[in-house]
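Novice: Once you've had a glance at the structure underneath, I'll fire off some questions.
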Amino acid sequence: MSTPTGEEQTAPPPENPENIIPQPASPDEETPSLPINVVDAEGDLLLRVGAETGHREQRMFFGGFKESKPVKGEWIVALPYDEPAALLVILNIIHIKFDLVPKTPGLPEVYQILSFANKYDTIGVLRPWGSDWMKVAENAQNYDDGDSIAMLTYVAWEFGNEELFTKMLDKLLVGSSIDGLGRLTTSNGVCLEDYDHLGPQDLLDMIRELRSGLVQILLDLVNAPMKKLLGDAVCCRQNNERDDCDYVILGSFWKGMADVRGSLLPESANEIMESFTDLAASVHAAMSFVRCPEAHTKCNPRENIKKLVRETVRQRKVLLRSSHVEYMQKQRQKTGLAEPAPAHDKK
């Protein structure tokens, strides 16, 4: 079996078969020679991988389907949408070439391998490398760029690491904003919808739902005391100074919101496009403007609102759905990852 990355060639294998960088040819130029990686010298299947040479239907090779072998001629199968390096790792494992399987690949490589393994249902063959590759992900879990968080979410999902998956989901929950097209976007501009593999199919919907709920809690706890001041309720208990005290609080609140946010907070979470983290920071900053008459310090809701904001941020929880927990439990059985500690044993 061999895995060329473009049109079929007769070039000899490169010295380092793990480093394949396809170089697409210009339409006006002659197709350059591309390397062929010989995985099994006795094999009769040629896989043309990575170069989009056509729109042939993709077939599964390691599950219940396979491309039929022709009666005559070469057996060539095109896999135009697969990652050559990831396929090569899987093929080296299947053909017992373990010395060519990386022990500590980079996070993007682990992500690509798992994406391929999921597509062709070969996750089980990665079991001997599961612990080492999981360490690669765990060592990268403090990265805050959107690409790393997206890849770590998927790696944790496929390996069945509930703790890491939950941590990355929380980062996406509080750090994602909504762009002009209504898409979830990370703090450094990575659109999550651009990733074909993130985790469960309902992951983006779950993030939207959790984000909306958390934002709404924050809006309600800030808007509620101001609504009371606009109604019959009052902060001040000194009847002769009550109106003046309330007006100072309301005016300084509106001043703070105008200076920090440019407007008052909306009532609905659907109108908040920024991330929960940015929203909480802006509310905290706006509350610093809230004032009251000098002798009415107990009337000022500023510190109480700040406290509630901090508690909302600190006490948030991401609860996984039962279908997600069940899936990751099955993945741990395939990958050999240790079962998570019971809840009462966790710190």
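Within each chain, counting starts at residue 1; across the structure tokens, chains are named A, B, ... in the order shown, with ligands numbered 1 upward in that order.
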So that I can check the secondary structure, give me every residue of range 114-343 of chain A assigned alpha helix (DSSP H) by backbone DSSP, as a PyMOL selection string.
Specialist: chain A and resi 114-119+130-139+146-159+162-175+203-230+242-260+276-287+302-314+322-335
Novice: Determine, counting only C-alpha atoms, which protein, DNA and RNA residues have an atom within 9 Å of an atom of range 192-195 of chain A; residues of the same chain fewer than 6 positions away are not included. Present the result as a PyMOL selection string.
Specialist: chain A and resi 146-147+150-151+183-186+204
Novice: By how many Å are CA of Phe159 in chain A and CA of Glu209 in chain A apart?
Specialist: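 Computed distance, CA of Phe159 in chain A to CA of Glu209 in chain A, equals 24.8 Å.
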Novice: Name the residues in contact with Ile93 in chain A at a cut-off of 10 Å, using only C-alpha atoms, excluding same-chain residues fewer than 5 positions from it; report them as a ChimeraX atom specification.
Specialist: /A:87-88,98-101,125-126,128
Novice: I'd like the neighbourhood of Ser323 in chain A as a PDB file with N, CA, C and O atoms, in the first residue's frame, where a residue qualifies if any of its atoms comes within 12 Å (using only C-alpha atoms), though same-chain residues fewer than 3 positions away should be ignored.
Specialist:
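Done, and the output landed in around_17.pdb:
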```
ATOM      1  N   PRO A 200     -19.006  16.890  20.106  1.00  0.00           N
ATOM      2  CA  PRO A 200     -20.353  16.435  19.761  1.00  0.00           C
ATOM      3  C   PRO A 200     -21.012  17.378  18.763  1.00  0.00           C
ATOM      4  O   PRO A 200     -20.680  18.562  18.693  1.00  0.00           O
ATOM      5  N   GLN A 201     -21.961  16.858  17.995  1.00  0.00           N
ATOM      6  CA  GLN A 201     -22.617  17.663  16.970  1.00  0.00           C
ATOM      7  C   GLN A 201     -23.374  18.849  17.551  1.00  0.00           C
ATOM      8  O   GLN A 201     -23.548  19.863  16.879  1.00  0.00           O
ATOM      9  N   ASP A 202     -23.807  18.729  18.792  1.00  0.00           N
ATOM     10  CA  ASP A 202     -24.578  19.809  19.397  1.00  0.00           C
ATOM     11  C   ASP A 202     -23.712  20.750  20.227  1.00  0.00           C
ATOM     12  O   ASP A 202     -24.230  21.549  21.007  1.00  0.00           O
ATOM     13  N   LEU A 203     -22.385  20.684  20.049  1.00  0.00           N
ATOM     14  CA  LEU A 203     -21.491  21.468  20.903  1.00  0.00           C
ATOM     15  C   LEU A 203     -21.719  22.970  20.748  1.00  0.00           C
ATOM     16  O   LEU A 203     -21.827  23.702  21.745  1.00  0.00           O
ATOM     17  N   LEU A 319     -22.059  21.795  33.152  1.00  0.00           N
ATOM     18  CA  LEU A 319     -22.544  20.433  33.371  1.00  0.00           C
ATOM     19  C   LEU A 319     -22.699  19.739  32.024  1.00  0.00           C
ATOM     20  O   LEU A 319     -23.415  20.210  31.142  1.00  0.00           O
ATOM     21  N   LEU A 320     -22.001  18.613  31.870  1.00  0.00           N
ATOM     22  CA  LEU A 320     -22.060  17.865  30.626  1.00  0.00           C
ATOM     23  C   LEU A 320     -23.380  17.121  30.511  1.00  0.00           C
ATOM     24  O   LEU A 320     -23.957  16.682  31.511  1.00  0.00           O
ATOM     25  N   GLU A 326     -21.598   9.567  28.327  1.00  0.00           N
ATOM     26  CA  GLU A 326     -21.625   8.182  27.830  1.00  0.00           C
ATOM     27  C   GLU A 326     -20.654   7.991  26.668  1.00  0.00           C
ATOM     28  O   GLU A 326     -19.962   6.974  26.585  1.00  0.00           O
ATOM     29  N   TYR A 327     -20.599   8.961  25.775  1.00  0.00           N
ATOM     30  CA  TYR A 327     -19.693   8.848  24.629  1.00  0.00           C
ATOM     31  C   TYR A 327     -18.242   8.809  25.092  1.00  0.00           C
ATOM     32  O   TYR A 327     -17.450   7.970  24.645  1.00  0.00           O
ATOM     33  N   MET A 328     -17.880   9.710  25.993  1.00  0.00           N
ATOM     34  CA  MET A 328     -16.494   9.764  26.444  1.00  0.00           C
ATOM     35  C   MET A 328     -16.116   8.532  27.264  1.00  0.00           C
ATOM     36  O   MET A 328     -14.960   8.109  27.261  1.00  0.00           O
ATOM     37  N   GLN A 329     -17.074   7.941  27.934  1.00  0.00           N
ATOM     38  CA  GLN A 329     -16.801   6.693  28.646  1.00  0.00           C
ATOM     39  C   GLN A 329     -16.444   5.592  27.650  1.00  0.00           C
ATOM     40  O   GLN A 329     -15.495   4.819  27.863  1.00  0.00           O
ATOM     41  N   LYS A 330     -17.154   5.522  26.534  1.00  0.00           N
ATOM     42  CA  LYS A 330     -16.847   4.540  25.495  1.00  0.00           C
ATOM     43  C   LYS A 330     -15.491   4.826  24.867  1.00  0.00           C
ATOM     44  O   LYS A 330     -14.740   3.892  24.535  1.00  0.00           O
TER      45      LYS A 330
END
```
Novice: Quick one: pick out all strand (DSSP E) residues within range 149-186 of chain A from a backbone DSSP run and write them as number ranges by chain.
Specialist: A: 177-178, 184-185
Novice: For the residues selected in the previous step, produce a file with N, CA and C atoms as a short mmCIF file (atom, residue, chain, number, x, y, z; two decimals), in the first residue's frame.
Specialist:
```cif
data_model
loop_
_atom_site.label_atom_id
_atom_site.label_comp_id
_atom_site.auth_asym_id
_atom_site.auth_seq_id
_atom_site.Cartn_x
_atom_site.Cartn_y
_atom_site.Cartn_z
N SER A 177 -17.47 35.33 21.60
CA SER A 177 -18.38 36.42 21.26
C SER A 177 -19.16 36.03 20.01
N ILE A 178 -20.10 36.88 19.60
CA ILE A 178 -20.89 36.64 18.40
C ILE A 178 -20.46 37.65 17.35
N LEU A 184 -20.14 32.02 16.52
CA LEU A 184 -19.33 32.03 17.72
C LEU A 184 -17.87 32.23 17.34
N THR A 185 -17.22 33.20 17.97
CA THR A 185 -15.85 33.55 17.63
C THR A 185 -15.03 33.72 18.90
#
```
Novice: For range 273-282 of chain A, list every protein, DNA or RNA residue within 7 Å, evaluated using only C-alpha atoms, and leave out those in the same chain fewer than 5 positions away; present the list as a list in words.
Specialist: Val174, Gly175, Ser176, Ser177, Ile178, Val215, Val260, Arg261 and Val309 of chain A
Novice: Please list as a ChimeraX atom specification every residue within 12 Å of Ser252 in chain A, counting only C-alpha atoms and excluding residues in the same chain fewer than 2 positions away.
Specialist: /A:226,245-250,254-259,264,286-293,300-302
Novice: If you count only C-alpha atoms, which residues fall within 10 Å of Ser131 in chain A, apart from same-chain ones fewer than 4 positions away, as a PDB file with all heavy atoms, in the first residue's frame?
Specialist:
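Final output, saved to part06.pdb:
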```pdb
ATOM      1  N   LYS A 103       5.993   9.668  19.151  1.00  0.00           N
ATOM      2  CA  LYS A 103       5.596   9.509  20.544  1.00  0.00           C
ATOM      3  C   LYS A 103       5.005  10.793  21.103  1.00  0.00           C
ATOM      4  O   LYS A 103       4.055  10.762  21.888  1.00  0.00           O
ATOM      5  CB  LYS A 103       6.804   9.082  21.386  1.00  0.00           C
ATOM      6  CG  LYS A 103       6.452   8.809  22.849  1.00  0.00           C
ATOM      7  CD  LYS A 103       7.646   8.314  23.633  1.00  0.00           C
ATOM      8  CE  LYS A 103       7.267   8.020  25.084  1.00  0.00           C
ATOM      9  NZ  LYS A 103       8.418   7.519  25.869  1.00  0.00           N
ATOM     10  N   LEU A 126      -4.999   3.467  18.184  1.00  0.00           N
ATOM     11  CA  LEU A 126      -4.146   4.480  18.808  1.00  0.00           C
ATOM     12  C   LEU A 126      -3.905   4.206  20.284  1.00  0.00           C
ATOM     13  O   LEU A 126      -3.165   4.940  20.939  1.00  0.00           O
ATOM     14  CB  LEU A 126      -4.783   5.867  18.654  1.00  0.00           C
ATOM     15  CG  LEU A 126      -5.166   6.304  17.237  1.00  0.00           C
ATOM     16  CD1 LEU A 126      -5.805   7.688  17.279  1.00  0.00           C
ATOM     17  CD2 LEU A 126      -3.951   6.311  16.323  1.00  0.00           C
ATOM     18  N   ARG A 127      -4.512   3.171  20.814  1.00  0.00           N
ATOM     19  CA  ARG A 127      -4.464   2.891  22.254  1.00  0.00           C
ATOM     20  C   ARG A 127      -3.052   2.900  22.846  1.00  0.00           C
ATOM     21  O   ARG A 127      -2.824   3.520  23.891  1.00  0.00           O
ATOM     22  CB  ARG A 127      -5.151   1.552  22.528  1.00  0.00           C
ATOM     23  CG  ARG A 127      -5.302   1.225  24.005  1.00  0.00           C
ATOM     24  CD  ARG A 127      -5.917  -0.150  24.186  1.00  0.00           C
ATOM     25  NE  ARG A 127      -6.084  -0.482  25.589  1.00  0.00           N
ATOM     26  CZ  ARG A 127      -7.210  -0.343  26.272  1.00  0.00           C
ATOM     27  NH1 ARG A 127      -8.291   0.135  25.655  1.00  0.00           N
ATOM     28  NH2 ARG A 127      -7.278  -0.664  27.537  1.00  0.00           N
ATOM     29  N   LYS A 135      -0.890  13.494  27.116  1.00  0.00           N
ATOM     30  CA  LYS A 135       0.004  14.407  27.834  1.00  0.00           C
ATOM     31  C   LYS A 135       0.332  15.626  26.972  1.00  0.00           C
ATOM     32  O   LYS A 135       0.502  16.733  27.496  1.00  0.00           O
ATOM     33  CB  LYS A 135       1.278  13.680  28.243  1.00  0.00           C
ATOM     34  CG  LYS A 135       1.078  12.651  29.351  1.00  0.00           C
ATOM     35  CD  LYS A 135       2.378  11.944  29.684  1.00  0.00           C
ATOM     36  CE  LYS A 135       2.158  10.882  30.753  1.00  0.00           C
ATOM     37  NZ  LYS A 135       3.411  10.138  31.038  1.00  0.00           N
ATOM     38  N   VAL A 136       0.445  15.423  25.663  1.00  0.00           N
ATOM     39  CA  VAL A 136       0.680  16.545  24.753  1.00  0.00           C
ATOM     40  C   VAL A 136      -0.455  17.562  24.897  1.00  0.00           C
ATOM     41  O   VAL A 136      -0.217  18.773  24.981  1.00  0.00           O
ATOM     42  CB  VAL A 136       0.778  16.058  23.293  1.00  0.00           C
ATOM     43  CG1 VAL A 136       0.810  17.250  22.333  1.00  0.00           C
ATOM     44  CG2 VAL A 136       2.016  15.187  23.098  1.00  0.00           C
ATOM     45  N   PHE A 159     -10.517  11.357  23.101  1.00  0.00           N
ATOM     46  CA  PHE A 159      -9.805  10.512  24.056  1.00  0.00           C
ATOM     47  C   PHE A 159     -10.675  10.176  25.265  1.00  0.00           C
ATOM     48  O   PHE A 159     -10.343   9.283  26.039  1.00  0.00           O
ATOM     49  CB  PHE A 159      -8.518  11.181  24.527  1.00  0.00           C
ATOM     50  CG  PHE A 159      -7.325  10.885  23.666  1.00  0.00           C
ATOM     51  CD1 PHE A 159      -6.588  11.911  23.098  1.00  0.00           C
ATOM     52  CD2 PHE A 159      -6.934   9.582  23.414  1.00  0.00           C
ATOM     53  CE1 PHE A 159      -5.485  11.646  22.302  1.00  0.00           C
ATOM     54  CE2 PHE A 159      -5.834   9.294  22.620  1.00  0.00           C
ATOM     55  CZ  PHE A 159      -5.114  10.326  22.072  1.00  0.00           C
ATOM     56  N   THR A 335      -9.437   3.949  24.029  1.00  0.00           N
ATOM     57  CA  THR A 335      -8.112   4.548  24.060  1.00  0.00           C
ATOM     58  C   THR A 335      -7.284   4.124  25.266  1.00  0.00           C
ATOM     59  O   THR A 335      -6.079   4.390  25.322  1.00  0.00           O
ATOM     60  CB  THR A 335      -8.219   6.080  24.069  1.00  0.00           C
ATOM     61  OG1 THR A 335      -8.921   6.511  25.250  1.00  0.00           O
ATOM     62  CG2 THR A 335      -8.978   6.573  22.837  1.00  0.00           C
ATOM     63  N   GLY A 336      -7.930   3.487  26.256  1.00  0.00           N
ATOM     64  CA  GLY A 336      -7.206   3.052  27.440  1.00  0.00           C
ATOM     65  C   GLY A 336      -6.971   4.151  28.451  1.00  0.00           C
ATOM     66  O   GLY A 336      -6.201   3.971  29.408  1.00  0.00           O
ATOM     67  N   LEU A 337      -7.635   5.293  28.278  1.00  0.00           N
ATOM     68  CA  LEU A 337      -7.478   6.389  29.218  1.00  0.00           C
ATOM     69  C   LEU A 337      -8.126   6.016  30.545  1.00  0.00           C
ATOM     70  O   LEU A 337      -9.175   5.370  30.581  1.00  0.00           O
ATOM     71  CB  LEU A 337      -8.133   7.654  28.659  1.00  0.00           C
ATOM     72  CG  LEU A 337      -7.634   8.992  29.204  1.00  0.00           C
ATOM     73  CD1 LEU A 337      -6.189   9.225  28.791  1.00  0.00           C
ATOM     74  CD2 LEU A 337      -8.506  10.130  28.703  1.00  0.00           C
ATOM     75  N   ALA A 338      -7.496   6.419  31.654  1.00  0.00           N
ATOM     76  CA  ALA A 338      -8.001   6.074  32.975  1.00  0.00           C
ATOM     77  C   ALA A 338      -9.351   6.729  33.225  1.00  0.00           C
ATOM     78  O   ALA A 338      -9.626   7.825  32.735  1.00  0.00           O
ATOM     79  CB  ALA A 338      -7.004   6.498  34.052  1.00  0.00           C
TER      80      ALA A 338
END
```
Novice: For Pro108 in chain A, which residue out of A:Glu83, A:Asp243, A:Asp205, A:Glu303 is the nearest one, using only C-alpha atoms?
Specialist: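 Result for the nearest residue to Pro108 in chain A: A:Glu83.
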Novice: Please compute the CA of Arg314 in chain A-CA of Ile149 in chain A distance, one decimal, in Å.
Specialist: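 Going from CA of Arg314 in chain A over to CA of Ile149 in chain A, I get 20.4 Å.
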